[in-house]
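Taking it in order: structure first as structure tokens, then the write-up.
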Amino acid sequence: MRTSLGEKILDLAVSGFLWGFRILIVLIVVLGTFLTIRAGKYTGEQWIDFLVFGISQGSIYALIALGYTMVYGILRMINFAHGEIFMSGAFGGYFIATWLTVIGFMDKYPVLGLIASMLFGMLISTLIALLVERIAYRPLRGAPRLVPLISAIGASFFLQYTFRGFFGPGVYAYPSMKALEGQWNFFGIGILKVQIVVAIAAFIMMAILYSIVMFTKIGKAMRAVSENKDVAALMGIDVNRIIVTTFALGAAMAGAAGVLYALTYRQVNFFTGFTPGIKAFTAAVLGGIGNIPGAMVGGLVLGIVESVGPALFLDSLGIPRPYQLKDAIAYIMLVMILLFRPSGILGERVSKKA
Amino acid sequence: MSILNLDNVHTYYGNIHALKGISINIEKGEIVTLIGGNGAGKTTTLRTISGLLKPREGKIHLNGDDILKYQAHEIVYKGVSMVPEGRGVFARLTVLENLEMGAYSRNSKEELSRNMERVFTLFPRLKERRTQVAGTLSGGEQQMLATGRGLMSNPSVLLMDEPSMGLAPVLVELIFDTIQQINKEGTTILLVEQNALMALSIANRGYVLQTGEIIISDTAENLKKNPTVQKAYLGME
């Protein structure tokens with residue numbers, strides 16, 4: 001094949017631009033970090049605050065990202081309604097938490113109350129995910145890959161506006177849990193209780209999911225189906241049942257994440273799922289989509305960079321409100337990873353099957 | 001007693017008429033081979049029996065039971081197991097996990113360990129590699145794994161698709177010896193092969209498939225002497 005001079009120049013221009021972009025980002029990161037540390041504007045305690053917030057936020061992203069990555073692993077499809085599944089879990093948790101607070105249960109048994117709220121949120125999320133799978137995805141199995149993707153976006157809007165229809169556009173304030181107010185002190189450093197509880201709960205959920213996928217018969221079957229559906233069927237595995245299980249597990253994780261997210265921000269409305277949904281999708285791509293440990297790592301990395309990044313990279317570069325740019329940092333990371341390492345941090349086999 | 005019977009089976013890929021009325025009968029305890037060139041419909045026949053493809057016409061009976069009403073995963077429960085073309089091992093699962101997947105249709109723990117022992121006796125190499133991820137095995141070891149995995153459901157009929165593909169002659173011999181061994185232990189075998197000479201040397205009977213039709217069916221002995229077979233599939237003039 002012969003390429004014309006014009007094409008060559010275009011190629012050069014594109015790769016030149018990409019290199020420029022890379023160098024610019026590296027410069028901002030290195031220079032910003034250097035200047036910030038030299039300026040010493042933030043104390044060690046503040047850095048630890050950023051870090052802990054990042055870990056707690058990142059563990060929520062990780063929980064949501066698991067759903068994206070597991071469904072992608074099995075169906076090669078991005079379930080764009082996953083953010084709304086997460087939101088429905090936050091709503092489910094809201095109603096049970098409010099009720100438990102009103103009857104006084106939450107104050108007496110905060111741990112049990114929290115677990116009950118999470119379980120109920122997980123239940124709601126799972127039910128909605130199973131409905132979405134049955135109605136919007138399963139009839140399109142075998143259609144070109146763009147079709148279920150469009151259906152997923154439709155399902156996402158449908159769920160948002162259904163919730164808006166039922167619960168209105170307003171914000172529902174989560175009940176305050178006395179047990180989660182205030183801080184715990186570690187070696188003289190105060191850390192918000194809610195952040196620790198959120199991170200611990202999220203890590204427990206991830207450990208449970210990981211054990212299911214690695215060690216149970218159904219988990220092994222999930223991995224087998226994600227490699228080769230035909231051969232899995234030849235083993236006697238009911239592929240449809242495994243797909244449904246995958247949706248259910250991913251949704252349960254998202255539902256738990258919804259309650260944890262709402263505990264952090266103390267509110268929920270019909271649009272709550274949108275931003276965390278996209279962030280978690282970014283996290284899944286960051287870690288290597290289809291890769292379960294990758295989703296966990298990607299979530300944590302994204303959460304930490306987003307939390308520490310504005311202060312560390314941007315503050316000393318004369319940007320007036322660096323915290324307004326934390327979403328921009330997340331999406332720049334998405335663009336960077338897609339441009340320079342599309343297989344993600346832990347992935348190595350993304351487009352093999354495409 | 002007929003264990004597997006295909007009667008006038010027509011299978012299509014979209015509009016392509018891949019199997020044009022195939023009838024095959026397999027008796028319990030036999031090794032039957034299906035030989036033919038590329039695109040003759042050998043793999044299609046196996047995929048139709050295992051339920052991955054549904055024929056538009058015809059009947060398939062297993063022990064007198066019409067199996068067309070079952071989905072692929074249900075047919076495994078009826079006692080048919082397939083070792084797919086190109087081995088199809090789960091590359092990111094360990095050897096042990098692959099074998100467990102082969103036994104997915106079986107729930108008894110004792111049966112699992114008994115079948116696992118049987119596979120490890122047939123292929124001691126797999127026992128050495130049991131914790132290794134299947135993608136890191138050599139081609140021959142992957143074929144052993146695929147064969148062993150096919151046995152884990154304790155099938156009455158084992159369908160084997162091109163087990164010799166891409167293997168060194170020594171390994172081909174080993175695999176074919178094992179096929180005979182498996183057959184002696186009571187499993188009926190339908191073997192699809194391009195390596196017709198090897199296949200006919202262990203089979204009782206054979207069918208020759210050409211562009212979706214069976215053109216010859218005879219005992220293995222007679223097929224080896226048949227001039228058409230000699231010319232087209234055994235490379236003799």
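Here's how to read the names in the structure tokens: chain A, B, ... by the order shown, residue numbers from 1 in each chain, ligand numbers from 1 in the order shown.
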Next on the checklist: If DSSP is run on the backbone, what residues of range 162-232 of chain B are strand (DSSP E)? A reply as a PyMOL selection string would be ideal.
Outcome noted: chain B and resi 188-193+205-210+213-219
Item to check | Nearby residues (only C-alpha atoms) at most 6 Å from Thr11 in chain B, same-chain spacing under 2 positions excluded, as a ChimeraX atom specification | outcome: /B:18-19,55-56
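The chain A residues that come within 6 Å of chain B are Ala233, Leu234, Met235, Gly236, Ile237 and Asp238 of chain A, with only C-alpha atoms taken into account.
Minimum atom-to-atom distances from A:Leu346, A:Met87, A:Val335, A:Leu131 to Gly298 in chain A were compared using only C-alpha atoms, and the lowest value belongs to A:Leu346.
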Item to check | Spatial neighbours of range 310-323 of chain A, max dist 6 Å, only C-alpha atoms, sep filter under 6 positions, as an MDAnalysis selection string | outcome: chainID A and resid 29 32:33 35:36
Once you have the residues from the selection above, write them out as a PDB file, in the first residue's frame, restricted to C-alpha atoms.
```pdb
ATOM      1  CA  VAL A  29       2.349  16.908  36.980  1.00  0.00           C
ATOM      2  CA  GLY A  32       3.031  21.284  39.841  1.00  0.00           C
ATOM      3  CA  THR A  33       4.154  18.666  42.339  1.00  0.00           C
ATOM      4  CA  LEU A  35       6.177  23.792  43.232  1.00  0.00           C
ATOM      5  CA  THR A  36       3.455  22.652  45.615  1.00  0.00           C
TER       6      THR A  36
END
```
